[in-house]
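Novice: Here you go, coords.csv (CSV, C-alpha atoms):
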```csv
chain,number,residue,atom,x,y,z
S,1,MET,CA,0.0,0.0,0.0
S,2,ARG,CA,1.4,3.4,-1.0
S,3,ARG,CA,2.0,5.9,1.8
S,4,PRO,CA,0.0,9.1,1.6
S,5,TRP,CA,3.1,11.3,1.2
S,6,ILE,CA,4.1,9.2,-1.9
S,7,VAL,CA,0.7,9.7,-3.4
S,8,LEU,CA,0.9,13.5,-2.7
S,9,LEU,CA,4.4,13.6,-4.3
S,10,LEU,CA,3.2,11.8,-7.4
S,11,LEU,CA,0.3,14.2,-7.7
S,12,TRP,CA,2.6,17.2,-7.3
S,13,VAL,CA,5.0,15.9,-10.0
S,14,ALA,CA,2.1,15.3,-12.3
S,15,GLY,CA,0.8,18.8,-11.7
S,16,SER,CA,4.3,20.3,-12.3
S,17,SER,CA,4.7,18.4,-15.6
S,18,ALA,CA,1.3,19.7,-16.8
S,19,ALA,CA,2.4,23.2,-15.9
S,20,ALA,CA,5.6,22.9,-18.0
S,21,ASP,CA,4.0,22.3,-21.3
S,22,LEU,CA,3.0,25.8,-22.5
S,23,THR,CA,4.0,26.1,-26.2
S,24,VAL,CA,4.0,29.6,-27.9
S,25,SER,CA,4.4,30.0,-31.6
S,26,ALA,CA,5.4,33.5,-32.4
S,27,ALA,CA,6.4,35.6,-35.5
S,28,SER,CA,10.2,35.8,-36.1
S,29,SER,CA,10.3,39.5,-35.3
S,30,LEU,CA,9.2,38.7,-31.7
S,31,THR,CA,12.3,36.6,-31.0
S,32,GLU,CA,14.2,38.7,-28.5
S,33,SER,CA,11.1,40.3,-26.9
S,34,PHE,CA,9.3,37.0,-26.4
S,35,ARG,CA,12.4,35.3,-25.0
S,36,GLU,CA,12.5,38.0,-22.3
S,37,ILE,CA,8.8,37.8,-21.7
S,38,ALA,CA,8.9,34.0,-21.4
S,39,ALA,CA,11.7,34.2,-18.9
S,40,ALA,CA,9.8,36.9,-16.9
S,41,TYR,CA,6.6,34.8,-17.0
S,42,GLU,CA,8.4,31.7,-15.8
S,43,LYS,CA,9.9,33.6,-12.9
S,44,ALA,CA,6.5,34.9,-11.9
S,45,HIS,CA,5.0,31.3,-12.2
S,46,PRO,CA,7.4,28.9,-10.7
S,47,GLY,CA,7.2,25.4,-12.2
S,48,THR,CA,6.0,26.7,-15.6
S,49,HIS,CA,8.1,26.4,-18.7
S,50,VAL,CA,7.4,28.2,-21.9
S,51,ASP,CA,8.5,26.5,-25.1
S,52,LEU,CA,9.0,29.1,-27.9
S,53,ASN,CA,8.7,28.4,-31.6
S,54,PHE,CA,9.6,31.2,-34.0
S,55,ALA,CA,9.0,31.4,-37.8
S,56,ALA,CA,7.1,33.4,-40.4
S,57,SER,CA,3.5,33.9,-39.3
S,58,GLY,CA,2.2,32.1,-42.4
S,59,VAL,CA,4.4,29.1,-41.6
S,60,LEU,CA,3.2,29.0,-38.0
S,61,LEU,CA,-0.4,29.0,-39.2
S,62,GLN,CA,0.3,26.1,-41.5
S,63,GLN,CA,1.8,24.2,-38.6
S,64,ILE,CA,-1.2,24.8,-36.3
S,65,ALA,CA,-3.6,23.9,-39.1
S,66,ARG,CA,-1.8,20.6,-39.5
S,67,GLY,CA,-2.2,19.8,-35.8
S,68,ALA,CA,1.0,21.1,-34.1
S,69,PRO,CA,0.4,21.2,-30.3
S,70,VAL,CA,0.4,24.9,-29.9
S,71,ASP,CA,-1.2,26.8,-27.0
S,72,VAL,CA,-0.7,30.5,-28.0
S,73,PHE,CA,-0.3,31.9,-31.5
S,74,ALA,CA,1.3,35.4,-31.9
S,75,SER,CA,1.3,36.8,-35.5
S,76,ALA,CA,2.9,39.8,-37.0
S,77,ASP,CA,-0.2,40.8,-38.8
S,78,GLU,CA,-4.0,40.7,-38.6
S,79,GLU,CA,-4.4,39.0,-41.9
S,80,THR,CA,-2.8,35.8,-40.8
S,81,MET,CA,-4.8,35.8,-37.6
S,82,ASP,CA,-8.0,36.3,-39.6
S,83,LYS,CA,-7.1,33.2,-41.6
S,84,ALA,CA,-6.6,31.3,-38.4
S,85,ALA,CA,-10.0,32.4,-37.1
S,86,GLY,CA,-11.5,31.5,-40.5
S,87,GLN,CA,-10.2,28.0,-40.2
S,88,GLY,CA,-11.7,27.6,-36.7
S,89,LEU,CA,-8.3,27.4,-35.0
S,90,LEU,CA,-8.7,30.0,-32.3
S,91,SER,CA,-10.6,29.9,-29.0
S,92,ASP,CA,-13.5,32.3,-29.2
S,93,GLY,CA,-12.9,35.7,-27.5
S,94,SER,CA,-9.2,35.1,-26.9
S,95,ARG,CA,-7.8,37.2,-29.7
S,96,GLN,CA,-6.0,40.4,-28.5
S,97,VAL,CA,-3.8,43.0,-30.2
S,98,PHE,CA,-0.7,43.4,-28.0
S,99,ALA,CA,1.8,45.5,-30.0
S,100,SER,CA,2.5,47.7,-33.1
S,101,ASN,CA,5.5,48.1,-35.3
S,102,SER,CA,6.8,50.1,-38.3
S,103,LEU,CA,8.3,49.1,-41.7
S,104,TRP,CA,11.8,50.2,-42.6
S,105,VAL,CA,14.3,49.8,-45.4
S,106,VAL,CA,17.7,49.0,-44.1
S,107,VAL,CA,21.1,48.8,-45.8
S,108,PRO,CA,24.6,47.4,-45.0
S,109,PRO,CA,26.7,49.7,-42.8
S,110,GLN,CA,29.4,50.1,-45.4
S,111,VAL,CA,27.1,51.4,-48.1
S,112,ARG,CA,28.2,54.7,-49.5
S,113,GLN,CA,24.9,56.2,-50.6
S,114,ARG,CA,21.7,55.2,-48.8
S,115,PRO,CA,18.4,55.1,-50.7
S,116,ALA,CA,16.1,57.8,-49.4
S,117,SER,CA,12.8,56.6,-50.8
S,118,LEU,CA,11.1,53.6,-52.5
S,119,ALA,CA,11.8,55.2,-55.9
S,120,ASP,CA,15.5,54.9,-55.2
S,121,LEU,CA,15.2,51.1,-54.9
S,122,ALA,CA,14.2,51.0,-58.6
S,123,LYS,CA,17.4,52.8,-59.7
S,124,PRO,CA,20.4,50.9,-61.1
S,125,ALA,CA,22.5,51.5,-58.1
S,126,VAL,CA,20.4,49.0,-56.1
S,127,GLN,CA,20.7,45.6,-57.6
S,128,ARG,CA,19.4,43.2,-54.9
S,129,VAL,CA,16.6,43.8,-52.4
S,130,ALA,CA,15.6,41.3,-49.7
S,131,ILE,CA,11.9,41.0,-49.2
S,132,GLY,CA,10.0,38.3,-47.2
S,133,ASN,CA,7.9,36.0,-49.3
S,134,PRO,CA,4.6,37.9,-49.5
S,135,ASP,CA,2.6,34.6,-49.6
S,136,SER,CA,3.7,33.6,-46.1
S,137,VAL,CA,5.7,36.5,-44.5
S,138,PRO,CA,3.7,39.6,-43.3
S,139,VAL,CA,6.6,42.0,-43.8
S,140,GLY,CA,6.8,40.9,-47.4
S,141,ARG,CA,3.1,41.7,-47.8
S,142,TYR,CA,3.5,45.1,-46.3
S,143,ALA,CA,6.5,45.8,-48.5
S,144,ARG,CA,4.7,44.6,-51.7
S,145,GLY,CA,1.7,46.7,-50.8
S,146,ALA,CA,3.8,49.8,-50.3
S,147,LEU,CA,5.6,49.3,-53.6
S,148,GLN,CA,2.4,48.6,-55.5
S,149,GLN,CA,0.8,51.8,-54.0
S,150,ALA,CA,3.9,53.7,-55.2
S,151,GLY,CA,3.7,52.1,-58.7
S,152,LEU,CA,7.1,50.5,-58.2
S,153,TRP,CA,6.4,46.8,-57.6
S,154,THR,CA,7.2,45.7,-61.1
S,155,ALA,CA,10.5,47.6,-61.2
S,156,VAL,CA,11.6,46.3,-57.8
S,157,GLN,CA,10.3,42.8,-58.1
S,158,ALA,CA,12.9,41.9,-60.7
S,159,LYS,CA,15.6,42.7,-58.0
S,160,THR,CA,14.0,40.9,-55.1
S,161,ILE,CA,15.7,38.1,-53.1
S,162,SER,CA,12.8,36.2,-51.5
S,163,THR,CA,13.3,35.2,-47.9
S,164,GLN,CA,11.6,32.8,-45.5
S,165,ASN,CA,11.1,35.3,-42.7
S,166,VAL,CA,12.1,38.9,-41.7
S,167,ARG,CA,15.2,37.7,-39.8
S,168,GLN,CA,16.6,36.1,-43.0
S,169,SER,CA,16.2,39.5,-44.8
S,170,LEU,CA,18.0,41.2,-41.9
S,171,ASP,CA,20.8,38.7,-42.1
S,172,TYR,CA,21.2,39.2,-45.8
S,173,VAL,CA,21.6,42.9,-45.3
S,174,ALA,CA,24.0,42.5,-42.3
S,175,ARG,CA,26.2,40.2,-44.4
S,176,GLY,CA,26.2,42.6,-47.4
S,177,GLU,CA,24.6,40.0,-49.6
S,178,VAL,CA,21.9,42.5,-50.7
S,179,ASP,CA,21.9,46.2,-51.2
S,180,ALA,CA,18.7,46.8,-49.1
S,181,GLY,CA,16.0,44.9,-47.3
S,182,PHE,CA,12.6,45.4,-45.8
S,183,VAL,CA,12.4,44.8,-42.1
S,184,TYR,CA,10.6,46.0,-39.0
S,185,ALA,CA,11.9,48.8,-36.8
S,186,THR,CA,12.4,46.2,-34.0
S,187,ASP,CA,14.6,44.0,-36.3
S,188,ALA,CA,16.8,47.0,-37.1
S,189,GLN,CA,17.1,47.7,-33.4
S,190,ALA,CA,18.2,44.1,-32.8
S,191,MET,CA,21.3,44.7,-35.0
S,192,PRO,CA,22.2,48.4,-34.6
S,193,ASP,CA,25.9,47.8,-35.4
S,194,ARG,CA,25.3,45.6,-38.5
S,195,VAL,CA,22.7,47.4,-40.4
S,196,GLN,CA,21.7,51.0,-40.8
S,197,ARG,CA,18.2,52.4,-41.3
S,198,ALA,CA,17.7,54.1,-44.7
S,199,PHE,CA,14.1,55.3,-44.5
S,200,GLN,CA,10.7,54.4,-43.0
S,201,VAL,CA,8.0,53.0,-45.3
S,202,PRO,CA,4.5,54.2,-44.7
S,203,VAL,CA,1.9,51.4,-44.2
S,204,ALA,CA,-1.6,52.8,-44.6
S,205,SER,CA,-3.3,50.1,-42.4
S,206,GLY,CA,-0.6,50.2,-39.7
S,207,ILE,CA,1.2,47.1,-38.4
S,208,HIS,CA,-0.5,45.4,-35.5
S,209,TYR,CA,0.4,42.2,-33.7
S,210,PRO,CA,-2.4,40.0,-32.4
S,211,LEU,CA,-2.2,36.8,-30.3
S,212,ALA,CA,-4.8,34.3,-29.3
S,213,LEU,CA,-5.4,31.0,-27.5
S,214,VAL,CA,-5.3,28.1,-30.0
S,215,LYS,CA,-8.5,26.0,-29.8
S,216,GLY,CA,-8.0,22.6,-28.2
S,217,SER,CA,-5.1,23.8,-26.1
S,218,ALA,CA,-4.3,21.3,-23.4
S,219,ASN,CA,-3.1,24.2,-21.2
S,220,ALA,CA,-5.8,26.7,-21.7
S,221,VAL,CA,-5.5,28.2,-18.2
S,222,GLN,CA,-1.7,28.8,-18.5
S,223,ALA,CA,-2.1,30.0,-22.0
S,224,ARG,CA,-4.6,32.6,-21.0
S,225,GLY,CA,-2.3,33.7,-18.2
S,226,PHE,CA,0.5,34.1,-20.7
S,227,ILE,CA,-1.7,36.2,-23.0
S,228,ALA,CA,-2.6,38.4,-20.0
S,229,PHE,CA,1.0,38.7,-19.0
S,230,VAL,CA,2.0,39.9,-22.5
S,231,ARG,CA,-0.6,42.6,-22.2
S,232,SER,CA,0.3,43.5,-18.7
S,233,ALA,CA,2.4,46.5,-17.7
S,234,GLU,CA,5.4,44.3,-17.3
S,235,GLY,CA,4.9,42.6,-20.6
S,236,GLN,CA,4.3,45.9,-22.4
S,237,ALA,CA,7.5,47.4,-20.8
S,238,ILE,CA,9.5,44.5,-22.2
S,239,LEU,CA,8.0,45.0,-25.7
S,240,ARG,CA,8.8,48.8,-25.6
S,241,ARG,CA,12.4,48.0,-24.7
S,242,HIS,CA,12.7,46.0,-27.9
S,243,GLY,CA,11.2,48.8,-30.0
S,244,PHE,CA,7.5,47.8,-30.2
S,245,GLY,CA,4.7,50.4,-30.0
S,246,SER,CA,1.6,50.2,-27.9
S,247,PRO,CA,-1.3,48.1,-29.2
```
Can you present the structure in this file as structure tokens?
Specialist:
Amino acid sequence: MRRPWIVLLLLWVAGSSAAADLTVSAASSLTESFREIAAAYEKAHPGTHVDLNFAASGVLLQQIARGAPVDVFASADEETMDKAAGQGLLSDGSRQVFASNSLWVVVPPQVRQRPASLADLAKPAVQRVAIGNPDSVPVGRYARGALQQAGLWTAVQAKTISTQNVRQSLDYVARGEVDAGFVYATDAQAMPDRVQRAFQVPVASGIHYPLALVKGSANAVQARGFIAFVRSAEGQAILRRHGFGSP
């Protein structure tokens, strides 16, 4: 016969294991900020571990749609989250906008003449431009939309180097493999010594980051707690330190 204290210990271990299974899939541009947020959340909730999965928002959506065991989904755009909602992947009423961002063109630090506008990207001096794949990467959709609105998409498209996520675009610029790249302000801030900002690109609809509880989450209570923490004063302070704007 098991002693009562052994039974209690087994129950405590089982409870601790359940608390350690919170999985958060977040857009690549959230890498540094969400790592800090996850650490702060774990400190505030002893016994809880947050597993982070970073990729382009569209790729994360595909993973969730195929059954990946994700508790919280954080996207870099509203469109991808709309698709998730349309596919019935989100828990009703859990979607929240938690941050904003801005779009920038960055160039390698050694460049002699920085482009000053979208029109400059179409000039012969600029031969390669890194842009996230517009079909799956929100920053690529924002960039394409801005270029289309300026009547420059056709001219710049021939020079584009398609990337899998915004961090790949940032890396290409930092290594000098392209002449310019479209990234978020927060990405440029993450590599201040390896890239320089050329100019900000206006985005008519703004850039808003939503997150939501994934339907069928096995850790719904912890997931809702994590969402609340991201939107709390402490979570928002961390996001601001990494260059994000208020929701």
Novice: Got a sec: who's within 7 Å of range 76-84 of chain S, counting all atoms listed in the file, leaving out chain neighbours fewer than 3 positions off, as a list in words?
Specialist: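 Close residues of range 76-84 of chain S: Ala27, Ser57, Gly58, Leu61, Gln87, Gly88, Leu89, Leu90, Pro138, Ile207, His208, Tyr209 and Pro210 of chain S.
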Novice: Would you please work out which residue, of S:Gln149, S:Ala116, S:Pro108, S:Ile64, is nearest to Asp171 in chain S when using only C-alpha atoms?
Specialist: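 Nearest candidate to Asp171 in chain S out of S:Gln149, S:Ala116, S:Pro108, S:Ile64: S:Pro108.
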Novice: Looking at S:Val203, S:Ala180, S:Ala68, S:Val97, which one is nearest to Val139 in chain S, with distances taken over all atoms listed in the file?
Specialist: S:Val203
Novice: Which is closest to Leu239 in chain S among S:Ala188, S:Gln110, S:Lys43, S:Ser33, if we use only C-alpha atoms?
Specialist: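 Distance minimum relative to Leu239 in chain S lands on S:Ser33.
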Novice: Using all atoms listed in the file, which residues sit within 12 Å of range 117-119 of chain S once same-chain residues fewer than 4 positions away are excluded, as a PyMOL selection string?
Specialist: chain S and resi 104-106+123-126+129+143-156+180-182+197-202
Novice: Between CA of Ser28 in chain S and CA of Ala56 in chain S, what distance in Å does the model show, to one decimal?
Specialist: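 Separating CA of Ser28 in chain S from CA of Ala56 in chain S is a distance of 5.8 Å.
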Novice: Measuring atom to atom with only C-alpha atoms, identify which of S:Val173, S:Gln168, S:Ala74, S:Gly140 is nearest to Phe98 in chain S.
Specialist: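 Comparing S:Val173, S:Gln168, S:Ala74, S:Gly140 against Phe98 in chain S, the winner is S:Ala74.
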Novice: Smallest atom-to-atom distance to Glu177 in chain S: which of S:Gln63, S:Lys159, S:Thr48, S:Ala130, using only C-alpha atoms?
Specialist: S:Ala130
Novice: Report the distance between CA of Gln113 in chain S and CA of Asp179 in chain S in Å, rounded to one decimal place.
Specialist: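 Computing it gives 10.5 Å between the two atoms.
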Novice: At a cut-off of 9 Å, using all atoms listed in the file, what residues contact Tyr41 in chain S? Leave out same-chain residues fewer than 4 positions from it and give the result as a list in words.
Specialist: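 Listed by chain and then number, they are Glu36, Ile37, His45, Pro46, Thr48, His49, Val50, Phe226, Phe229, Val230 and Gly235 of chain S.
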Novice: Which one is closest to Ser232 in chain S: S:Leu30, S:Val59, S:Val72, S:Ala99? Count only C-alpha atoms.
Specialist: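 Of S:Leu30, S:Val59, S:Val72, S:Ala99, the one nearest Ser232 in chain S is S:Ala99, counting only C-alpha atoms.
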Novice: Calculate how many Å separate CA of Ala26 in chain S from CA of Asn53 in chain S, rounding to one decimal.
Specialist: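 A separation of 6.1 Å between them.
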Novice: Would you list the contacts of range 212-225 of chain S as a JSON list (two decimals) with C-alpha atoms, keeping the file's coordinate frame, taking every protein, DNA or RNA residue within 8 Å and counting only C-alpha atoms, but skipping same-chain residues closer than 6 positions in sequence?
Specialist:
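Dumped everything to result-v3.json:
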```json
[["chain", "number", "residue", "atom", "x", "y", "z"],
["S", 18, "ALA", "CA", 1.30, 19.70, -16.80],
["S", 19, "ALA", "CA", 2.40, 23.20, -15.90],
["S", 21, "ASP", "CA", 4.00, 22.30, -21.30],
["S", 22, "LEU", "CA", 3.00, 25.80, -22.50],
["S", 69, "PRO", "CA", 0.40, 21.20, -30.30],
["S", 70, "VAL", "CA", 0.40, 24.90, -29.90],
["S", 71, "ASP", "CA", -1.20, 26.80, -27.00],
["S", 72, "VAL", "CA", -0.70, 30.50, -28.00],
["S", 73, "PHE", "CA", -0.30, 31.90, -31.50],
["S", 74, "ALA", "CA", 1.30, 35.40, -31.90],
["S", 88, "GLY", "CA", -11.70, 27.60, -36.70],
["S", 89, "LEU", "CA", -8.30, 27.40, -35.00],
["S", 90, "LEU", "CA", -8.70, 30.00, -32.30],
["S", 91, "SER", "CA", -10.60, 29.90, -29.00],
["S", 94, "SER", "CA", -9.20, 35.10, -26.90],
["S", 95, "ARG", "CA", -7.80, 37.20, -29.70],
["S", 96, "GLN", "CA", -6.00, 40.40, -28.50]]
```
Novice: Fewer than 6 positions away in the same chain doesn't count, so skip those; otherwise give me all residues within 7 Å of Asn133 in chain S, counting all atoms listed in the file, as a short mmCIF file (atom, residue, chain, number, x, y, z; two decimals) with C-alpha atoms, in the frame of the given file.
Specialist:
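To be explicit, this is the file written out as part_7.cif:
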```
data_model
loop_
_atom_site.label_atom_id
_atom_site.label_comp_id
_atom_site.auth_asym_id
_atom_site.auth_seq_id
_atom_site.Cartn_x
_atom_site.Cartn_y
_atom_site.Cartn_z
CA GLY S 140 6.80 40.90 -47.40
CA SER S 162 12.80 36.20 -51.50
CA THR S 163 13.30 35.20 -47.90
CA GLN S 164 11.60 32.80 -45.50
#
```
